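S.K.: So I've got this file, final09.tsv, and it contains TSV, C-alpha atoms:
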```tsv
chain	number	residue	atom	x	y	z
V	143	MET	CA	0.49	7.21	30.73
V	144	ASP	CA	2.40	10.49	30.81
V	145	LEU	CA	5.06	10.12	28.13
V	146	LYS	CA	6.80	13.29	29.31
V	147	ASP	CA	7.74	11.51	32.54
V	148	LYS	CA	9.59	8.91	30.46
V	149	ILE	CA	11.77	11.43	28.60
V	150	ARG	CA	15.20	11.85	30.20
V	151	VAL	CA	16.51	15.42	30.23
V	152	ILE	CA	20.30	15.69	29.96
V	153	GLU	CA	21.87	19.08	30.61
V	154	ASP	CA	24.73	20.47	28.50
V	155	PHE	CA	24.47	17.93	25.65
V	156	PRO	CA	25.67	18.12	22.92
V	157	GLU	CA	27.06	21.45	24.15
V	158	GLU	CA	26.87	23.70	27.19
V	159	GLY	CA	23.54	25.38	27.76
V	160	ILE	CA	21.50	22.83	25.82
V	161	SER	CA	18.97	20.79	27.75
V	162	PHE	CA	18.80	17.64	25.61
V	163	LYS	CA	15.59	15.61	25.50
V	164	ASP	CA	16.67	11.96	25.48
V	165	ILE	CA	13.97	9.78	23.93
V	166	THR	CA	15.87	6.49	24.33
V	167	THR	CA	14.26	6.03	27.77
V	168	VAL	CA	10.86	6.11	26.05
V	169	LEU	CA	11.90	3.73	23.27
V	170	LYS	CA	13.36	1.03	25.53
V	171	ASP	CA	10.17	0.71	27.59
V	172	PRO	CA	7.71	-1.51	25.68
V	173	LEU	CA	4.56	0.21	26.96
V	174	SER	CA	5.91	3.71	26.29
V	175	LEU	CA	7.05	2.71	22.79
V	176	LYS	CA	3.61	1.27	22.10
V	177	GLU	CA	1.99	4.47	23.40
V	178	VAL	CA	4.11	6.98	21.48
V	179	ILE	CA	3.87	5.11	18.16
V	180	THR	CA	0.12	4.66	18.59
V	181	GLN	CA	-0.35	8.38	19.36
V	182	MET	CA	1.79	9.37	16.36
V	183	THR	CA	-0.15	6.97	14.12
V	184	ASP	CA	-3.42	8.52	15.33
V	185	MET	CA	-2.25	12.12	14.67
V	186	PHE	CA	-3.19	12.08	10.99
V	187	SER	CA	-5.37	8.97	10.82
V	188	ASP	CA	-8.28	11.12	9.61
V	189	LEU	CA	-6.29	11.98	6.45
V	190	GLU	CA	-5.48	9.95	3.37
V	191	VAL	CA	-1.68	9.53	3.41
V	192	ASP	CA	0.40	7.88	0.68
V	193	ILE	CA	3.89	8.43	2.06
V	194	VAL	CA	5.48	9.06	5.47
V	195	VAL	CA	8.81	10.90	5.25
V	196	GLY	CA	11.33	10.64	8.10
V	197	PRO	CA	14.50	12.77	8.28
V	198	GLU	CA	17.79	11.10	9.29
V	199	SER	CA	18.15	9.57	11.72
V	200	ARG	CA	15.66	9.79	14.61
V	201	GLY	CA	12.92	10.41	12.06
V	202	PHE	CA	13.54	6.82	10.92
V	203	ILE	CA	12.68	5.54	14.40
V	204	PHE	CA	9.21	7.08	14.45
V	205	GLY	CA	8.47	7.34	10.72
V	206	THR	CA	8.70	3.67	9.76
V	207	PRO	CA	6.30	2.23	12.34
V	208	VAL	CA	3.83	5.06	11.63
V	209	ALA	CA	4.01	4.29	7.87
V	210	PHE	CA	3.55	0.57	8.59
V	211	ASN	CA	0.54	1.23	10.83
V	212	MET	CA	-1.08	3.65	8.34
V	213	GLY	CA	-0.55	1.37	5.34
V	214	ALA	CA	1.63	4.04	3.71
V	215	GLY	CA	5.14	3.88	2.24
V	216	PHE	CA	8.21	5.23	4.03
V	217	VAL	CA	10.74	7.59	2.44
V	218	PRO	CA	13.99	8.59	4.20
V	219	VAL	CA	15.48	12.09	3.89
V	220	ARG	CA	19.22	11.96	4.45
V	221	LYS	CA	22.41	13.96	4.75
V	222	PRO	CA	24.26	14.45	1.43
V	223	GLY	CA	25.97	11.41	-0.08
V	224	LYS	CA	24.03	8.75	1.80
V	225	LEU	CA	21.28	7.97	-0.74
V	226	PRO	CA	22.55	5.80	-3.62
V	227	ALA	CA	20.35	6.86	-6.56
V	228	GLU	CA	19.64	10.26	-8.15
V	229	THR	CA	18.67	12.84	-5.55
V	230	VAL	CA	17.22	16.32	-5.12
V	231	ARG	CA	19.02	18.51	-2.57
V	232	HIS	CA	17.96	21.44	-0.39
V	233	GLU	CA	20.47	23.64	1.42
V	234	TYR	CA	19.52	25.59	4.50
V	235	SER	CA	21.23	27.93	6.93
V	236	LEU	CA	22.21	27.02	10.46
V	237	GLU	CA	23.21	29.42	13.22
V	238	TYR	CA	26.77	28.99	11.98
V	239	GLY	CA	27.19	27.78	8.40
V	240	LYS	CA	25.00	25.65	6.17
V	241	ASP	CA	23.56	22.19	6.02
V	242	ALA	CA	21.81	20.18	3.33
V	243	LEU	CA	19.34	17.32	3.00
V	244	GLU	CA	18.59	15.00	0.10
V	245	ILE	CA	15.70	12.85	-1.11
V	246	HIS	CA	15.63	10.34	-3.97
V	247	SER	CA	14.24	12.05	-7.08
V	248	ASP	CA	11.81	9.17	-7.67
V	249	ALA	CA	10.74	8.79	-4.03
V	250	ILE	CA	7.47	10.70	-4.35
V	251	GLU	CA	5.13	11.03	-7.33
V	252	LYS	CA	3.32	14.23	-8.25
V	253	GLY	CA	0.18	14.75	-6.20
V	254	MET	CA	1.02	12.17	-3.53
V	255	ARG	CA	-0.18	13.06	-0.05
V	256	VAL	CA	2.74	13.11	2.38
V	257	ILE	CA	3.28	13.55	6.12
V	258	VAL	CA	6.63	14.20	7.82
V	259	ILE	CA	7.30	12.45	11.12
V	260	ASP	CA	10.24	13.37	13.36
V	261	ASP	CA	11.20	13.19	17.01
V	262	LEU	CA	11.68	16.89	17.65
V	263	LEU	CA	10.44	20.29	16.50
V	264	ALA	CA	13.07	22.82	17.59
V	265	THR	CA	13.83	25.78	15.27
V	266	GLY	CA	12.06	24.05	12.38
V	267	GLY	CA	15.08	24.08	10.06
V	268	THR	CA	15.15	20.36	9.32
V	269	VAL	CA	11.42	20.00	8.79
V	270	SER	CA	11.21	23.11	6.58
V	271	ALA	CA	13.96	21.72	4.36
V	272	THR	CA	12.22	18.34	4.31
V	273	ALA	CA	8.89	19.89	3.30
V	274	LYS	CA	10.61	21.82	0.50
V	275	LEU	CA	12.16	18.60	-0.85
V	276	ILE	CA	8.74	16.93	-0.90
V	277	GLU	CA	7.23	19.92	-2.70
V	278	LYS	CA	10.08	20.00	-5.25
V	279	LEU	CA	9.02	16.47	-6.23
V	280	GLY	CA	5.37	17.56	-6.52
V	281	GLY	CA	4.18	15.98	-3.28
V	282	VAL	CA	1.53	17.61	-1.10
V	283	VAL	CA	2.54	18.03	2.55
V	284	VAL	CA	-0.64	17.28	4.52
V	285	GLY	CA	0.87	17.09	8.01
V	286	LEU	CA	3.98	17.47	10.16
V	287	GLY	CA	4.03	15.36	13.31
V	288	PHE	CA	6.50	15.44	16.19
V	289	PHE	CA	6.93	13.61	19.44
V	290	ILE	CA	8.43	16.66	21.20
V	291	GLU	CA	8.03	20.40	20.53
V	292	LEU	CA	10.35	22.99	22.09
V	293	THR	CA	7.89	25.89	22.06
V	294	GLU	CA	10.37	28.61	23.07
V	295	LEU	CA	12.32	28.06	19.83
V	296	SER	CA	9.18	29.03	17.86
V	297	GLY	CA	9.66	26.47	15.08
V	298	ARG	CA	5.90	26.47	14.54
V	299	GLU	CA	6.04	30.09	13.38
V	300	LYS	CA	8.08	28.99	10.35
V	301	LEU	CA	5.45	26.39	9.52
V	302	THR	CA	2.20	28.37	9.54
V	303	LYS	CA	1.05	27.01	6.19
V	304	TYR	CA	1.21	23.43	7.46
V	305	ASN	CA	-0.86	21.20	9.74
V	306	VAL	CA	1.56	20.79	12.69
V	307	LYS	CA	0.99	18.43	15.62
V	308	SER	CA	3.11	17.37	18.58
V	309	ILE	CA	2.58	15.16	21.62
V	310	VAL	CA	4.80	16.61	24.36
V	311	THR	CA	5.82	20.27	24.71
V	312	TYR	CA	8.57	21.98	26.70
X	281	MET	CA	5.30	-11.09	-3.25
X	282	ASP	CA	9.00	-11.42	-4.15
X	283	LEU	CA	10.72	-8.74	-2.09
X	284	LYS	CA	13.98	-9.27	-4.00
X	285	ASP	CA	12.33	-7.86	-7.13
X	286	LYS	CA	11.67	-4.64	-5.22
X	287	ILE	CA	15.30	-4.08	-4.19
X	288	ARG	CA	17.13	-1.71	-6.54
X	289	VAL	CA	20.74	-2.68	-7.26
X	290	ILE	CA	23.06	0.27	-7.88
X	291	GLU	CA	26.51	-0.46	-9.24
X	292	ASP	CA	29.65	1.31	-7.98
X	293	PHE	CA	28.09	2.89	-4.87
X	294	PRO	CA	29.48	4.08	-2.50
X	295	GLU	CA	32.66	3.16	-4.37
X	296	GLU	CA	33.72	1.37	-7.55
X	297	GLY	CA	33.16	-2.36	-7.57
X	298	ILE	CA	30.41	-2.35	-4.93
X	299	SER	CA	26.97	-3.46	-6.03
X	300	PHE	CA	24.79	-1.56	-3.56
X	301	LYS	CA	21.44	-2.99	-2.51
X	302	ASP	CA	19.05	-0.03	-2.31
X	303	ILE	CA	16.16	-0.80	0.05
X	304	THR	CA	14.42	2.56	-0.37
X	305	THR	CA	12.43	1.12	-3.29
X	306	VAL	CA	11.04	-1.50	-0.89
X	307	LEU	CA	10.27	1.03	1.84
X	308	LYS	CA	8.37	3.49	-0.34
X	309	ASP	CA	5.94	0.85	-1.61
X	310	PRO	CA	3.23	0.33	1.05
X	311	LEU	CA	2.65	-3.37	0.29
X	312	SER	CA	6.38	-4.18	0.24
X	313	LEU	CA	6.95	-2.28	3.49
X	314	LYS	CA	4.06	-4.18	5.09
X	315	GLU	CA	5.50	-7.47	3.82
X	316	VAL	CA	9.12	-6.95	4.91
X	317	ILE	CA	8.20	-5.69	8.39
X	318	THR	CA	5.72	-8.54	8.85
X	319	GLN	CA	8.32	-11.13	7.80
X	320	MET	CA	10.94	-9.60	10.12
X	321	THR	CA	8.43	-9.55	12.99
X	322	ASP	CA	7.67	-13.23	12.36
X	323	MET	CA	11.37	-14.26	12.32
X	324	PHE	CA	11.64	-14.57	16.09
X	325	SER	CA	7.97	-14.54	17.09
X	326	ASP	CA	8.42	-18.01	18.67
X	327	LEU	CA	10.88	-16.52	21.19
X	328	GLU	CA	10.36	-14.34	24.22
X	329	VAL	CA	12.03	-11.03	23.39
X	330	ASP	CA	12.43	-8.07	25.77
X	331	ILE	CA	14.44	-5.70	23.60
X	332	VAL	CA	15.07	-5.17	19.89
X	333	VAL	CA	18.39	-3.48	19.15
X	334	GLY	CA	18.92	-1.61	15.87
X	335	PRO	CA	22.32	-0.26	14.75
X	336	GLU	CA	22.51	3.24	13.25
X	337	SER	CA	20.92	4.13	10.96
X	338	ARG	CA	19.12	1.65	8.71
X	339	GLY	CA	18.70	-0.65	11.70
X	340	PHE	CA	16.38	2.04	13.10
X	341	ILE	CA	14.11	1.67	10.05
X	342	PHE	CA	13.49	-2.04	10.60
X	343	GLY	CA	14.12	-2.34	14.34
X	344	THR	CA	11.47	0.04	15.65
X	345	PRO	CA	8.45	-1.40	13.84
X	346	VAL	CA	9.57	-4.93	14.74
X	347	ALA	CA	9.86	-3.91	18.42
X	348	PHE	CA	6.43	-2.25	18.27
X	349	ASN	CA	4.86	-5.34	16.69
X	350	MET	CA	6.51	-7.74	19.17
X	351	GLY	CA	5.59	-5.68	22.24
X	352	ALA	CA	9.29	-5.23	23.02
X	353	GLY	CA	11.37	-2.12	23.69
X	354	PHE	CA	13.73	-0.60	21.12
X	355	VAL	CA	17.37	0.30	21.82
X	356	PRO	CA	19.55	2.16	19.30
X	357	VAL	CA	23.24	1.42	18.86
X	358	ARG	CA	25.05	4.48	17.52
X	359	LYS	CA	28.34	5.90	16.29
X	360	PRO	CA	30.46	7.52	19.06
X	361	GLY	CA	29.24	10.81	20.49
X	362	LYS	CA	25.61	10.53	19.41
X	363	LEU	CA	24.05	9.04	22.55
X	364	PRO	CA	23.60	11.64	25.30
X	365	ALA	CA	23.91	9.58	28.52
X	366	GLU	CA	26.62	7.25	29.83
X	367	THR	CA	27.64	4.67	27.21
X	368	VAL	CA	29.61	1.48	26.72
X	369	ARG	CA	31.79	1.40	23.60
X	370	HIS	CA	33.13	-1.38	21.38
X	371	GLU	CA	35.88	-0.80	18.85
X	372	TYR	CA	36.29	-3.04	15.85
X	373	SER	CA	38.58	-3.27	12.83
X	374	LEU	CA	37.57	-2.37	9.31
X	375	GLU	CA	39.46	-3.27	6.14
X	376	TYR	CA	41.31	0.03	6.59
X	377	GLY	CA	41.32	1.49	10.10
X	378	LYS	CA	38.92	1.18	13.01
X	379	ASP	CA	35.36	2.02	13.86
X	380	ALA	CA	33.37	2.03	17.08
X	381	LEU	CA	29.78	1.70	18.27
X	382	GLU	CA	28.12	2.74	21.52
X	383	ILE	CA	25.09	1.75	23.57
X	384	HIS	CA	23.64	3.46	26.64
X	385	SER	CA	24.95	1.71	29.77
X	386	ASP	CA	21.44	1.45	31.20
X	387	ALA	CA	19.75	0.37	27.97
X	388	ILE	CA	19.63	-3.34	28.77
X	389	GLU	CA	19.28	-5.09	32.12
X	390	LYS	CA	21.12	-8.27	33.03
X	391	GLY	CA	19.39	-11.37	31.68
X	392	MET	CA	17.15	-9.52	29.22
X	393	ARG	CA	16.48	-11.41	26.00
X	394	VAL	CA	17.56	-9.34	23.00
X	395	ILE	CA	17.39	-9.59	19.21
X	396	VAL	CA	19.35	-7.44	16.76
X	397	ILE	CA	17.56	-6.27	13.61
X	398	ASP	CA	19.40	-4.65	10.69
X	399	ASP	CA	18.97	-4.19	6.96
X	400	LEU	CA	22.10	-6.00	5.81
X	401	LEU	CA	24.44	-8.81	6.81
X	402	ALA	CA	27.68	-8.23	4.89
X	403	THR	CA	31.00	-9.03	6.61
X	404	GLY	CA	29.28	-9.16	10.00
X	405	GLY	CA	31.45	-6.44	11.60
X	406	THR	CA	28.62	-4.19	12.72
X	407	VAL	CA	26.43	-6.95	14.10
X	408	SER	CA	29.33	-8.65	15.92
X	409	ALA	CA	30.16	-5.35	17.63
X	410	THR	CA	26.49	-4.83	18.45
X	411	ALA	CA	26.18	-8.31	19.97
X	412	LYS	CA	29.30	-7.68	22.09
X	413	LEU	CA	27.81	-4.44	23.43
X	414	ILE	CA	24.61	-6.26	24.42
X	415	GLU	CA	26.63	-8.97	26.14
X	416	LYS	CA	28.80	-6.40	27.98
X	417	LEU	CA	25.57	-5.16	29.57
X	418	GLY	CA	24.55	-8.71	30.53
X	419	GLY	CA	21.91	-9.15	27.84
X	420	VAL	CA	21.33	-12.50	26.12
X	421	VAL	CA	21.41	-12.33	22.31
X	422	VAL	CA	18.66	-14.72	21.20
X	423	GLY	CA	18.56	-13.79	17.50
X	424	LEU	CA	20.07	-11.73	14.70
X	425	GLY	CA	17.69	-10.84	11.88
X	426	PHE	CA	18.46	-9.21	8.53
X	427	PHE	CA	16.47	-8.20	5.51
X	428	ILE	CA	19.38	-8.92	3.13
X	429	GLU	CA	22.35	-11.30	3.42
X	430	LEU	CA	25.38	-11.07	1.10
X	431	THR	CA	26.40	-14.71	1.34
X	432	GLU	CA	29.73	-14.37	-0.51
X	433	LEU	CA	31.05	-12.09	2.27
X	434	SER	CA	30.58	-14.96	4.75
X	435	GLY	CA	29.36	-12.79	7.63
X	436	ARG	CA	27.45	-15.78	8.99
X	437	GLU	CA	30.74	-17.61	9.67
X	438	LYS	CA	31.61	-14.96	12.29
X	439	LEU	CA	28.25	-15.53	13.96
X	440	THR	CA	28.11	-19.31	14.43
X	441	LYS	CA	27.12	-19.07	18.09
X	442	TYR	CA	24.02	-17.05	17.23
X	443	ASN	CA	20.59	-17.74	15.73
X	444	VAL	CA	20.90	-15.89	12.39
X	445	LYS	CA	18.03	-15.33	9.95
X	446	SER	CA	17.68	-13.36	6.74
X	447	ILE	CA	14.91	-12.88	4.17
X	448	VAL	CA	16.68	-12.21	0.86
X	449	THR	CA	20.13	-13.51	-0.14
X	450	TYR	CA	22.58	-12.48	-2.87
```
Take the structure in this file and express it as C-alpha cells.
M.R.:
Amino acid sequence: MDLKDKIRVIEDFPEEGISFKDITTVLKDPLSLKEVITQMTDMFSDLEVDIVVGPESRGFIFGTPVAFNMGAGFVPVRKPGKLPAETVRHEYSLEYGKDALEIHSDAIEKGMRVIVIDDLLATGGTVSATAKLIEKLGGVVVGLGFFIELTELSGREKLTKYNVKSIVTY
Amino acid sequence: MDLKDKIRVIEDFPEEGISFKDITTVLKDPLSLKEVITQMTDMFSDLEVDIVVGPESRGFIFGTPVAFNMGAGFVPVRKPGKLPAETVRHEYSLEYGKDALEIHSDAIEKGMRVIVIDDLLATGGTVSATAKLIEKLGGVVVGLGFFIELTELSGREKLTKYNVKSIVTY
C-alpha cells in the first residue's frame, strides 16, 4: 500500500502558499490507519523504549497507539496552560514571534529511554523543543519518528544528533 | 488493576472549585495505558463499527488506538478552523457563551456505524455536538464510550437515546 496516495494535499491552507498535507484521509481508512500505525510502531522496535512522547495535538493521534503497541507509556507535550500539574516549559522562536511547549515535571524519570512521535517534520521547531523538554527532565531521546517529512524545509539538519525516521517524504 | 487509583485529582484546575481528573498519570504508566485502551476497545467489541470518532484533543489519545484495535477508521472532530477541507459545523451553548465543533464533510458515509470515544463525560455538551455532526453526515451513532464519567453532572441524561459506557465514575 502506498500511504502517500492516501494523503490529501490542500493548497493555501492554513494560509496562501502553503501546501497542506491532510492526514485525515489516511486515518479514516481502516487499512491505511492499520498500515501507518504498524509502520510507526516498527520504526524503533529494535530499541528499548520506556516512554513515547506526542506533541499536541496530532502527535496524540500517532503517539498513543505506538506506545500501546510497544508496551511503553505515553506522555503528552502541550501548549502552555493545558497540563494541570507542575510543568517544565521551553520557549522557541517562530518566523514571527515565539511559542512555548510544556511537559509535566514528573512525566519522565532520569535515564528513561524516550521516543517522540509526530505527524509531520517541517522546520523541526516543535520536535526540537519537545526533545529539549525531555532532556530537561533527564530523559534520553533515542528516536524521533514522523509520518511525513517535508525535506525542503531541512528540519533534519536541526536534528543531526538524533535518530530521525519518517515514512513519507515530500 | 484499579484504574481509578492511577488518576491524579487536582483541585482548582482550570479554575477554582473544579476538581480536575488528570489522566496523564494513567497514560505514562505502560500497564495502565494497556489496561485502559484494552477496556475501551472491549466496550463495543460486540458491535460492527466502521468509524471511531474522537473529539479534540484528549479524544485523539483514546480514539486512535481503539480504532486501530477494532480495525476501524479514525475521524477527528475539531475546534473551528483546524480541519483543512470542507467541514460541517455544530454550535452549542456553554454556561457562558457558545462553542462550536467541526467534522470533515466527507469523513463519514451515509449508513456507516460510528462510535465516539473520549476521555470524559461531564455535562455531555461536547459529545452531544459530536453525535449531531455524525448524524448530519448520515452516520449511525452506535455507542459513546468514556474513560471517566462525572455522574453528578448528569451528562448521561442528555444522551438517553444512545448506548453510553464508561469505565471509572466519580
S.K.: Show me, as a list in words, the residues that have an atom within 8 Å of X:Gly425 when counting only C-alpha atoms, minus same-chain residues fewer than 4 positions from it.
M.R.: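 Result of the neighbour search: Met320, Met323, Ile395, Val396, Ile397, Asp398, Val444, Lys445 and Ser446 of chain X.
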S.K.: Residues of chain X were defined as contacting chain V if any atom lay at most 10 Å from it, counting only C-alpha atoms; please report them as a PyMOL selection string.
M.R.: chain X and resi 288-294+300-315+317-318+330-334+336-356+361-365+384+386-388
S.K.: For a test of reading the model, state the distance in Å between atom CA of X:Lys438 and atom CA of X:Lys412, rounded to one decimal.
M.R.: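 Going from atom CA of X:Lys438 over to atom CA of X:Lys412, I get 12.4 Å.
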S.K.: I need the residue nearest V:Thr229 from this list: V:Val269, V:Ile290, V:Leu275, V:Leu263. Use all atoms listed in the file for the distance.
M.R.: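 The closest residue to V:Thr229 is V:Leu275.
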S.K.: Between atom CA of V:Arg255 and atom CA of V:Asp188, what is the distance in Å, rounded to a tenth?
M.R.: 12.8 Å
S.K.: Expressed in Å to a single decimal, how great is the separation between atom CA of X:Asp282 and atom CA of X:Ser299?
M.R.: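 That distance, rounded to one decimal, is 19.7 Å.
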S.K.: Could you name the residues that touch V:Val230 at 9 Å or less, counting all atoms listed in the file, but leaving out those on the same chain fewer than 3 positions away, as a PyMOL selection string?
M.R.: chain V and resi 243-247+275+278-279
S.K.: Quick one: write out the picked residues with C-alpha atoms as a PDB file, keeping the file's coordinate frame?
M.R.:
```
ATOM      1  CA  LEU V 243      19.340  17.320   3.000  1.00  0.00           C
ATOM      2  CA  GLU V 244      18.590  15.000   0.100  1.00  0.00           C
ATOM      3  CA  ILE V 245      15.700  12.850  -1.110  1.00  0.00           C
ATOM      4  CA  HIS V 246      15.630  10.340  -3.970  1.00  0.00           C
ATOM      5  CA  SER V 247      14.240  12.050  -7.080  1.00  0.00           C
ATOM      6  CA  LEU V 275      12.160  18.600  -0.850  1.00  0.00           C
ATOM      7  CA  LYS V 278      10.080  20.000  -5.250  1.00  0.00           C
ATOM      8  CA  LEU V 279       9.020  16.470  -6.230  1.00  0.00           C
TER       9      LEU V 279
END
```
S.K.: Which residue, X:Glu328, X:Glu389, X:Asp322, X:Glu415, has the smallest gap to X:Ile447 when you use all atoms listed in the file?
M.R.: X:Asp322
S.K.: For V:Glu299, please output as an MDAnalysis selection string all residues within 9 Å (counting all atoms listed in the file; exclusion window: fewer than 3 positions along the same chain).
M.R.: chainID V and resid 266 296 302
S.K.: For the selection just defined, write its residues with C-alpha atoms to a file, as a PDB file, keeping the file's coordinate frame.
M.R.:
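Output contents, as saved in part_11.pdb:
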```pdb
ATOM      1  CA  GLY V 266      12.060  24.050  12.380  1.00  0.00           C
ATOM      2  CA  SER V 296       9.180  29.030  17.860  1.00  0.00           C
ATOM      3  CA  THR V 302       2.200  28.370   9.540  1.00  0.00           C
TER       4      THR V 302
END
```
S.K.: Can you work out which one of X:Gly419, X:Thr403, X:Lys286, X:Ser408 has the shortest atom-to-atom distance to X:Thr431, counting only C-alpha atoms?
M.R.: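 Comparing X:Gly419, X:Thr403, X:Lys286, X:Ser408 against X:Thr431, the winner is X:Thr403.
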S.K.: I want to know what sits within 9 Å of V:Tyr304, based on all atoms listed in the file, with residues of the same chain fewer than 3 positions away left out; could you give that as a CSV table (one decimal) with C-alpha atoms, in the coordinates of the input?
M.R.:
```csv
chain,number,residue,atom,x,y,z
V,283,VAL,CA,2.5,18.0,2.6
V,284,VAL,CA,-0.6,17.3,4.5
V,285,GLY,CA,0.9,17.1,8.0
V,286,LEU,CA,4.0,17.5,10.2
V,301,LEU,CA,5.4,26.4,9.5
```
S.K.: May I have the residues within 7 Å of V:Leu262 as a list of chain:residue names, using all atoms listed in the file and disregarding those fewer than 4 positions away in the same chain?
M.R.: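 Counting only the stated atoms, we get V:Phe288, V:Phe289, V:Ile290, V:Glu291.
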S.K.: Save the residues we just selected, C-alpha atoms, as a CSV table (one decimal), keeping the file's coordinate frame?
M.R.:
```
chain,number,residue,atom,x,y,z
V,288,PHE,CA,6.5,15.4,16.2
V,289,PHE,CA,6.9,13.6,19.4
V,290,ILE,CA,8.4,16.7,21.2
V,291,GLU,CA,8.0,20.4,20.5
```
S.K.: Taking the structure in the block just given, could you write stretch 240-247 of chain V with all heavy atoms, as a compact mmCIF listing (two decimals), in the first residue's frame?
M.R.:
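Contents of the output file decode27.txt:
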```
# COMPACT_ATOMS: atom_id res chain seq x y z
N LYS V 240 7.07 34.13 19.16
CA LYS V 240 7.54 33.00 19.96
C LYS V 240 6.41 32.04 20.26
O LYS V 240 5.24 32.40 20.20
CB LYS V 240 8.08 33.50 21.31
CG LYS V 240 9.46 34.12 21.22
CD LYS V 240 10.02 34.36 22.60
CE LYS V 240 11.48 34.79 22.50
NZ LYS V 240 12.11 34.96 23.81
N ASP V 241 6.79 30.80 20.58
CA ASP V 241 5.81 29.85 21.05
C ASP V 241 6.43 29.08 22.21
O ASP V 241 7.61 29.22 22.48
CB ASP V 241 5.41 28.90 19.92
CG ASP V 241 3.94 28.49 20.02
OD1 ASP V 241 3.37 28.63 21.13
OD2 ASP V 241 3.38 28.03 19.04
N ALA V 242 5.63 28.30 22.90
CA ALA V 242 6.15 27.54 24.03
C ALA V 242 5.43 26.21 24.15
O ALA V 242 4.28 26.07 23.72
CB ALA V 242 6.01 28.34 25.32
N LEU V 243 6.12 25.23 24.70
CA LEU V 243 5.53 23.92 24.98
C LEU V 243 5.82 23.53 26.42
O LEU V 243 6.82 23.98 27.00
CB LEU V 243 6.10 22.86 24.03
CG LEU V 243 5.67 22.95 22.57
CD1 LEU V 243 6.44 21.95 21.72
CD2 LEU V 243 4.16 22.69 22.43
N GLU V 244 4.95 22.70 26.98
CA GLU V 244 5.13 22.26 28.36
C GLU V 244 5.01 20.74 28.48
O GLU V 244 4.33 20.09 27.69
CB GLU V 244 4.05 22.89 29.26
CG GLU V 244 4.19 24.40 29.42
CD GLU V 244 3.18 24.98 30.39
OE1 GLU V 244 2.20 24.30 30.73
OE2 GLU V 244 3.38 26.14 30.80
N ILE V 245 5.67 20.23 29.52
CA ILE V 245 5.56 18.80 29.87
C ILE V 245 5.41 18.73 31.39
O ILE V 245 5.93 19.61 32.10
CB ILE V 245 6.83 18.04 29.38
CG1 ILE V 245 6.62 16.52 29.39
CG2 ILE V 245 8.07 18.42 30.20
CD1 ILE V 245 7.75 15.75 28.66
N HIS V 246 4.70 17.75 31.89
CA HIS V 246 4.63 17.59 33.35
C HIS V 246 6.01 17.26 33.90
O HIS V 246 6.73 16.40 33.36
CB HIS V 246 3.67 16.45 33.72
CG HIS V 246 2.24 16.87 33.88
ND1 HIS V 246 1.18 16.05 33.58
CD2 HIS V 246 1.69 18.04 34.33
CE1 HIS V 246 0.04 16.69 33.84
NE2 HIS V 246 0.33 17.88 34.27
N SER V 247 6.37 17.93 35.00
CA SER V 247 7.70 17.76 35.59
C SER V 247 7.99 16.32 36.00
O SER V 247 9.13 15.89 36.01
CB SER V 247 7.83 18.64 36.84
OG SER V 247 7.52 19.97 36.53
```
